[in-house]
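Structure file input_1.txt; described as compact mmCIF, C-alpha atoms.
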```
# COMPACT_ATOMS: atom_id res chain seq x y z
CA LYS Z 3 4.34 -13.19 -12.30
CA GLN Z 4 1.65 -12.22 -9.86
CA GLU Z 5 -0.81 -9.67 -11.10
CA VAL Z 6 -3.75 -7.83 -9.64
CA THR Z 7 -6.41 -6.36 -11.92
CA GLN Z 8 -9.03 -3.92 -10.76
CA ILE Z 9 -12.17 -3.24 -12.73
CA PRO Z 10 -13.46 -0.67 -13.46
CA ALA Z 11 -10.55 1.76 -13.60
CA ALA Z 12 -12.90 4.67 -12.94
CA LEU Z 13 -16.49 5.02 -11.82
CA SER Z 14 -18.79 8.02 -11.47
CA VAL Z 15 -22.15 7.53 -9.75
CA PRO Z 16 -24.88 9.60 -8.12
CA GLU Z 17 -25.14 9.63 -4.37
CA GLY Z 18 -27.09 6.75 -2.83
CA GLU Z 19 -26.13 4.03 -5.28
CA ASN Z 20 -24.81 0.66 -4.17
CA LEU Z 21 -21.44 -0.11 -5.77
CA VAL Z 22 -19.30 -3.15 -6.51
CA LEU Z 23 -15.58 -2.81 -7.13
CA ASN Z 24 -13.80 -5.84 -8.51
CA CYS Z 25 -10.31 -7.19 -7.92
CA SER Z 26 -8.84 -10.29 -9.53
CA PHE Z 27 -5.47 -11.89 -8.82
CA THR Z 28 -3.38 -14.66 -10.31
CA ASP Z 29 -1.62 -16.08 -7.24
CA SER Z 30 -3.75 -18.64 -5.40
CA ALA Z 31 -1.19 -18.92 -2.58
CA ILE Z 32 -2.15 -15.63 -1.01
CA TYR Z 33 -1.95 -15.05 2.74
CA ASN Z 34 -4.50 -12.27 2.87
CA LEU Z 35 -6.15 -9.56 0.81
CA GLN Z 36 -6.51 -5.98 1.90
CA TRP Z 37 -8.60 -3.10 0.55
CA PHE Z 38 -7.30 0.44 0.90
CA ARG Z 39 -8.62 3.90 0.24
CA GLN Z 40 -6.38 6.69 -1.03
CA ASP Z 41 -7.47 10.32 -1.19
CA PRO Z 42 -5.63 12.63 -3.62
CA GLY Z 43 -2.20 13.55 -2.31
CA LYS Z 44 -2.63 11.39 0.79
CA GLY Z 45 -1.47 8.04 2.11
CA LEU Z 46 -3.29 4.73 2.09
CA THR Z 47 -5.98 4.01 4.65
CA SER Z 48 -6.76 0.38 5.38
CA LEU Z 49 -10.45 -0.44 4.95
CA LEU Z 50 -10.74 -4.20 5.30
CA LEU Z 51 -8.41 -7.18 5.67
CA ILE Z 52 -9.55 -10.67 4.68
CA GLN Z 53 -7.42 -13.59 5.76
CA SER Z 54 -7.02 -16.44 3.29
CA SER Z 55 -9.20 -18.67 5.49
CA GLN Z 56 -12.06 -16.15 5.50
CA ARG Z 57 -14.66 -15.42 2.85
CA GLU Z 58 -15.75 -11.93 3.78
CA GLN Z 59 -15.36 -9.00 6.14
CA THR Z 60 -17.71 -6.14 6.92
CA SER Z 61 -17.18 -2.65 8.30
CA GLY Z 62 -20.11 -0.27 8.33
CA ARG Z 63 -21.30 0.26 4.75
CA LEU Z 64 -18.39 -1.74 3.36
CA ASN Z 65 -18.34 -5.46 2.68
CA ALA Z 66 -15.43 -7.29 1.08
CA SER Z 67 -15.50 -10.87 -0.13
CA LEU Z 68 -12.72 -13.24 -1.13
CA ASP Z 69 -12.92 -16.27 -3.42
CA LYS Z 70 -9.47 -17.81 -3.65
CA SER Z 71 -10.54 -20.55 -6.03
CA SER Z 72 -11.60 -18.05 -8.69
CA GLY Z 73 -8.95 -15.48 -7.76
CA ARG Z 74 -11.45 -12.72 -7.07
CA SER Z 75 -12.37 -10.21 -4.41
CA THR Z 76 -15.15 -7.66 -4.44
CA LEU Z 77 -15.68 -4.52 -2.38
CA TYR Z 78 -19.32 -3.63 -1.92
CA ILE Z 79 -20.17 -0.06 -0.89
CA ALA Z 80 -23.74 0.47 0.24
CA ALA Z 81 -25.59 3.78 -0.11
CA SER Z 82 -22.62 5.69 -1.52
CA GLN Z 83 -21.89 9.23 -0.35
CA PRO Z 84 -19.79 12.07 -1.81
CA GLY Z 85 -17.28 11.46 1.00
CA ASP Z 86 -16.63 8.01 -0.49
CA SER Z 87 -14.95 9.66 -3.49
CA ALA Z 88 -11.36 8.37 -3.58
CA THR Z 89 -9.19 5.75 -5.24
CA TYR Z 90 -9.72 2.23 -3.93
CA LEU Z 91 -6.81 -0.19 -4.08
CA CYS Z 92 -6.78 -3.91 -3.45
CA ALA Z 93 -3.59 -5.75 -2.58
CA PHE Z 94 -2.76 -9.28 -1.61
CA PHE Z 95 0.15 -10.41 0.51
CA SER Z 96 2.27 -12.91 -1.35
CA GLY Z 97 4.03 -15.23 1.06
CA GLY Z 98 6.37 -16.36 -1.66
CA TYR Z 99 7.64 -12.84 -2.17
CA ASN Z 100 6.96 -11.42 1.30
CA LYS Z 101 5.28 -8.33 -0.06
CA LEU Z 102 1.99 -6.71 -0.89
CA ILE Z 103 1.07 -6.81 -4.57
CA PHE Z 104 -1.17 -3.93 -5.56
CA GLY Z 105 -3.74 -3.37 -8.24
CA ALA Z 106 -3.81 -0.08 -10.14
CA GLY Z 107 -6.94 1.04 -8.31
CA THR Z 108 -10.48 2.15 -9.09
CA ARG Z 109 -11.06 5.89 -9.01
CA LEU Z 110 -14.51 6.53 -7.60
CA ALA Z 111 -16.44 9.79 -7.83
CA VAL Z 112 -19.79 10.06 -6.04
CA HIS Z 113 -21.69 13.21 -6.97
CA PRO Z 114 -24.55 14.77 -5.03
CA ASN P 17 -0.74 5.75 19.03
CA ALA P 18 0.72 7.90 16.28
CA GLY P 19 0.80 4.87 13.95
CA VAL P 20 3.32 5.17 11.11
CA THR P 21 5.00 8.55 10.76
CA GLN P 22 7.20 9.79 7.93
CA THR P 23 9.43 12.84 7.60
CA PRO P 24 9.81 15.01 5.68
CA LYS P 25 6.47 15.42 3.89
CA PHE P 26 8.07 17.14 0.90
CA GLN P 27 11.66 17.31 -0.34
CA VAL P 28 13.43 18.73 -3.38
CA LEU P 29 16.91 17.44 -4.17
CA LYS P 30 19.43 18.14 -6.85
CA THR P 31 20.85 15.27 -8.87
CA GLY P 32 23.69 13.62 -6.97
CA GLN P 33 22.62 14.72 -3.51
CA SER P 34 21.94 12.16 -0.81
CA MET P 35 19.30 12.14 1.87
CA THR P 36 17.46 9.94 4.33
CA LEU P 37 13.71 9.50 4.49
CA GLN P 38 12.63 8.75 8.03
CA CYS P 39 9.96 6.24 9.04
CA ALA P 40 8.87 5.33 12.55
CA GLN P 41 6.06 3.26 14.04
CA ASP P 42 4.89 2.92 17.62
CA MET P 43 2.88 -0.29 17.27
CA ASN P 44 5.78 -2.67 17.99
CA HIS P 45 5.44 -4.16 14.51
CA GLU P 46 8.15 -6.48 13.29
CA TYR P 47 7.53 -6.09 9.55
CA MET P 48 8.29 -2.75 7.91
CA SER P 49 8.58 -1.85 4.25
CA TRP P 50 9.16 0.97 1.80
CA TYR P 51 7.14 1.48 -1.40
CA ARG P 52 7.29 4.05 -4.12
CA GLN P 53 4.19 5.15 -6.02
CA ASP P 54 4.46 6.42 -9.57
CA PRO P 55 1.69 7.29 -12.03
CA GLY P 56 0.91 4.30 -14.23
CA MET P 57 3.24 2.02 -12.22
CA GLY P 58 1.28 1.58 -9.02
CA LEU P 59 3.03 0.85 -5.75
CA ARG P 60 6.32 -1.02 -5.94
CA LEU P 61 8.29 -2.50 -3.06
CA ILE P 62 11.79 -1.06 -2.55
CA HIS P 63 13.06 -2.79 0.61
CA TYR P 64 11.53 -4.54 3.58
CA SER P 65 12.51 -5.77 7.03
CA VAL P 66 11.09 -8.63 9.08
CA GLY P 67 12.73 -7.45 12.31
CA ALA P 68 15.58 -5.46 13.79
CA GLY P 69 18.82 -6.29 12.03
CA ILE P 70 17.09 -8.07 9.11
CA THR P 71 16.45 -6.40 5.76
CA ASP P 72 15.89 -7.62 2.24
CA GLN P 73 15.41 -6.20 -1.24
CA GLY P 74 12.11 -5.69 -2.96
CA GLU P 75 11.54 -5.29 -6.67
CA VAL P 76 13.15 -1.84 -7.17
CA PRO P 77 16.06 -1.61 -4.68
CA ASN P 78 18.72 0.03 -6.85
CA GLY P 79 19.84 3.44 -5.58
CA TYR P 80 18.41 2.89 -2.10
CA ASN P 81 19.82 1.58 1.17
CA VAL P 82 18.07 0.60 4.38
CA SER P 83 19.00 -0.52 7.85
CA ARG P 84 16.94 -1.57 10.86
CA SER P 85 18.70 -1.03 14.15
CA THR P 86 15.51 -0.77 16.23
CA THR P 87 11.99 -2.16 15.95
CA GLU P 88 10.56 1.35 15.69
CA ASP P 89 12.65 2.92 12.92
CA PHE P 90 13.27 2.01 9.30
CA PRO P 91 15.06 4.82 7.40
CA LEU P 92 15.47 4.81 3.63
CA ARG P 93 18.66 6.33 2.24
CA LEU P 94 19.04 7.71 -1.27
CA LEU P 95 22.72 7.41 -2.06
CA SER P 96 22.99 9.71 -5.08
CA ALA P 97 19.63 11.11 -6.14
CA ALA P 98 18.56 10.81 -9.77
CA PRO P 99 15.52 12.33 -11.55
CA SER P 100 14.14 8.77 -11.91
CA GLN P 101 13.74 8.72 -8.13
CA THR P 102 11.16 11.49 -8.25
CA SER P 103 8.19 9.77 -6.65
CA VAL P 104 5.98 9.50 -3.61
CA TYR P 105 7.48 7.22 -0.98
CA PHE P 106 5.38 5.30 1.52
CA CYS P 107 6.50 3.41 4.58
CA ALA P 108 4.32 0.63 5.96
CA SER P 109 4.34 -1.67 8.95
CA SER P 110 2.55 -4.84 9.95
CA SER P 111 2.38 -7.28 12.82
CA SER P 112 2.68 -11.05 12.40
CA GLY P 113 5.79 -10.85 10.25
CA GLY P 114 3.76 -9.27 7.48
CA ALA P 115 2.21 -12.50 6.28
CA SER P 116 -1.14 -12.29 8.01
CA GLY P 117 -1.08 -8.85 9.55
CA GLU P 118 -2.91 -5.76 8.46
CA GLN P 119 -0.59 -3.29 6.73
CA TYR P 120 -0.56 0.29 8.00
CA PHE P 121 0.82 3.03 5.79
CA GLY P 122 2.39 6.37 6.63
CA PRO P 123 1.29 9.65 4.99
CA GLY P 124 4.10 9.59 2.43
CA THR P 125 7.05 11.74 1.38
CA ARG P 126 6.85 13.55 -1.96
CA LEU P 127 10.34 13.71 -3.43
CA THR P 128 11.37 15.73 -6.47
CA VAL P 129 14.84 15.36 -7.92
CA THR P 130 15.90 18.11 -10.35
```
Would you write the structure of this file as structure tokens?
Amino acid sequence: KQEVTQIPAALSVPEGENLVLNCSFTDSAIYNLQWFRQDPGKGLTSLLLIQSSQREQTSGRLNASLDKSSGRSTLYIAASQPGDSATYLCAFFSGGYNKLIFGAGTRLAVHP
Amino acid sequence: NAGVTQTPKFQVLKTGQSMTLQCAQDMNHEYMSWYRQDPGMGLRLIHYSVGAGITDQGEVPNGYNVSRSTTEDFPLRLLSAAPSQTSVYFCASSSSGGASGEQYFGPGTRLTVT
């Protein structure tokens, strides 16, 4: 059974800190890995998509890496801001099951 | 582009009633899917479609039907609502048959079954 684990489950930090969110998965035959942001009561917003042939992707203050051999991905958030407060979900697309498999998320709170 | 749209945003049903959750996308994506999100359970796949006329079951399909007559629309039908179907429902779409494409999610439908 494929599983995705996200650590930590919750994180509270002061504004300005650099953060690392971790995602580990058990299926090495992934097609891609995607990081999402979800605000309370809202839908999922795609942040970054890393194809299985890539090692990292960057968008503004966000950088995501992928290491298929160790089954890990990290989301790095530079210079965090209160507006970054949300739940961050990682998910990989399993070709064998033709679906996204989600982690439970990391709930991030950035306080001024 | 409107992206992925879902209607209604909120719905309350009585046990046994039926209804259809609408999902549409204007990105000409072949792959569309329905997920439900429940506290402590994460997001779980209900049904998906890899193109018009082609649908398949996900991990929690019981009590739900889908059809895909056009590329744009992928409605989810609740046949006879049960309290266990109280959840937030998300529709998603992707290019490239889903396998390598970025997944785009709609804003969700919050369903309560009493």
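We find CA of Phe27 in chain Z and CA of Ser67 in chain Z to be spaced 13.3 Å apart.
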Q.
as a VMD selection string, please: the residues near Asp41 in chain Z (cut-off 12 Å, only C-alpha atoms, same-chain neighbours under 5 positions excluded).
A. (chain Z and resid 46 to 48 85 to 91 107 to 111) or (chain P and resid 123)
Please report, as CSV, each residue of chain P lying at most 10 Å from chain Z, together with the nearest pair of atoms and the separation in Å rounded to one decimal; use all atoms listed in the file, and order rows by chain and ascending residue number.
```
residue,atom,partner,partner_atom,distance
P:Tyr47,CA,Z:Asn100,CA,9.8
P:Ser49,CA,Z:Lys101,CA,8.5
P:Tyr51,CA,Z:Leu102,CA,9.7
P:Pro55,CA,Z:Ala106,CA,9.4
P:Gly56,CA,Z:Ala106,CA,7.6
P:Met57,CA,Z:Ala106,CA,7.6
P:Gly58,CA,Z:Ala106,CA,5.5
P:Leu59,CA,Z:Phe104,CA,6.4
P:Arg60,CA,Z:Ile103,CA,7.9
P:Leu61,CA,Z:Lys101,CA,7.2
P:His63,CA,Z:Lys101,CA,9.6
P:Tyr64,CA,Z:Lys101,CA,8.2
P:Ser65,CA,Z:Asn100,CA,9.8
P:Val66,CA,Z:Asn100,CA,9.2
P:Asp72,CA,Z:Asn100,CA,9.8
P:Gly74,CA,Z:Lys101,CA,7.9
P:Glu75,CA,Z:Lys101,CA,9.6
P:Val104,CA,Z:Gly43,CA,9.2
P:Tyr105,CA,Z:Gly45,CA,9.5
P:Phe106,CA,Z:Gly45,CA,7.4
P:Cys107,CA,Z:Gly45,CA,9.5
P:Ala108,CA,Z:Leu46,CA,9.5
P:Gly113,CA,Z:Asn100,CA,9.0
P:Gly114,CA,Z:Asn100,CA,7.3
P:Ala115,CA,Z:Tyr33,CA,6.0
P:Ser116,CA,Z:Tyr33,CA,6.0
P:Gly117,CA,Z:Asn34,CA,8.2
P:Glu118,CA,Z:Leu51,CA,6.3
P:Gln119,CA,Z:Ser48,CA,7.3
P:Tyr120,CA,Z:Ser48,CA,6.7
P:Phe121,CA,Z:Leu46,CA,5.8
P:Gly122,CA,Z:Gly45,CA,6.2
P:Pro123,CA,Z:Gly45,CA,4.3
P:Gly124,CA,Z:Gly45,CA,5.8
P:Thr125,CA,Z:Gly45,CA,9.3
P:Arg126,CA,Z:Gly43,CA,9.1
```
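In this model, the gap between CA of Leu92 in chain P and CA of Ile62 in chain P comes to 9.3 Å.
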(Q) Env of Val28 in chain P: 6 Å cut, atoms = only C-alpha atoms, seq-sep filter 6 positions within chain, self excluded. Answer as a list in words. (A)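 The residues that qualify are Leu127, Thr128 and Val129 of chain P.
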Excluding Met43 in chain P and its own-chain neighbours fewer than 2 positions away, which residues fall within 12 Å of it when counting all atoms listed in the file? Please give them as a PDB file with C-alpha atoms, keeping the file's coordinate frame.
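Final output, saved to part.pdb:
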```pdb
ATOM      1  CA  ASN P  17      -0.740   5.750  19.030  1.00  0.00           C
ATOM      2  CA  ALA P  18       0.720   7.900  16.280  1.00  0.00           C
ATOM      3  CA  GLY P  19       0.800   4.870  13.950  1.00  0.00           C
ATOM      4  CA  VAL P  20       3.320   5.170  11.110  1.00  0.00           C
ATOM      5  CA  THR P  21       5.000   8.550  10.760  1.00  0.00           C
ATOM      6  CA  ALA P  40       8.870   5.330  12.550  1.00  0.00           C
ATOM      7  CA  GLN P  41       6.060   3.260  14.040  1.00  0.00           C
ATOM      8  CA  HIS P  45       5.440  -4.160  14.510  1.00  0.00           C
ATOM      9  CA  GLU P  46       8.150  -6.480  13.290  1.00  0.00           C
ATOM     10  CA  TYR P  47       7.530  -6.090   9.550  1.00  0.00           C
ATOM     11  CA  MET P  48       8.290  -2.750   7.910  1.00  0.00           C
ATOM     12  CA  THR P  87      11.990  -2.160  15.950  1.00  0.00           C
ATOM     13  CA  GLU P  88      10.560   1.350  15.690  1.00  0.00           C
ATOM     14  CA  ASP P  89      12.650   2.920  12.920  1.00  0.00           C
ATOM     15  CA  ALA P 108       4.320   0.630   5.960  1.00  0.00           C
ATOM     16  CA  SER P 109       4.340  -1.670   8.950  1.00  0.00           C
ATOM     17  CA  SER P 110       2.550  -4.840   9.950  1.00  0.00           C
ATOM     18  CA  SER P 111       2.380  -7.280  12.820  1.00  0.00           C
ATOM     19  CA  SER P 112       2.680 -11.050  12.400  1.00  0.00           C
ATOM     20  CA  GLU P 118      -2.910  -5.760   8.460  1.00  0.00           C
ATOM     21  CA  GLN P 119      -0.590  -3.290   6.730  1.00  0.00           C
ATOM     22  CA  TYR P 120      -0.560   0.290   8.000  1.00  0.00           C
TER      23      TYR P 120
END
```
Q | Selected residue, from P:Thr23, P:Leu94, P:Asn44, P:Lys30, that lies nearest to Asn78 in chain P when counting all atoms listed in the file | A | P:Leu94
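One distance worth recording is that between CA of Leu29 in chain P and CA of Thr102 in chain P, which is 9.2 Å.
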Q. Which is closer to Pro91 in chain P than all the others in P:Gln27, P:Thr71, P:Cys39, P:Gln22, using only C-alpha atoms?
A. P:Cys39
(Q) I'd like the contact shell of Asn65 in chain Z - 12 Å cut-off, all atoms listed in the file, skipping same-chain residues fewer than 5 positions apart - returned as a PyMOL selection string. (A) chain Z and resi 20-23+36-37+49-52+57-60+75-80
Q | Protein/DNA/RNA residues near (18.4, 15.3, -11.4), cut 8 Å, all atoms listed in the file, as a PyMOL selection string | A | chain P and resi 29-32+97-100+129-130
Q.
Need to verify the contact set: Gly18 in chain Z, 8 Å, all atoms listed in the file, exclusion of same-chain residues closer than 5 positions in sequence. Can you return it as a list in words?
A.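 In the requested format, the answer is Ala80, Ala81, Ser82 and Gln83 of chain Z.
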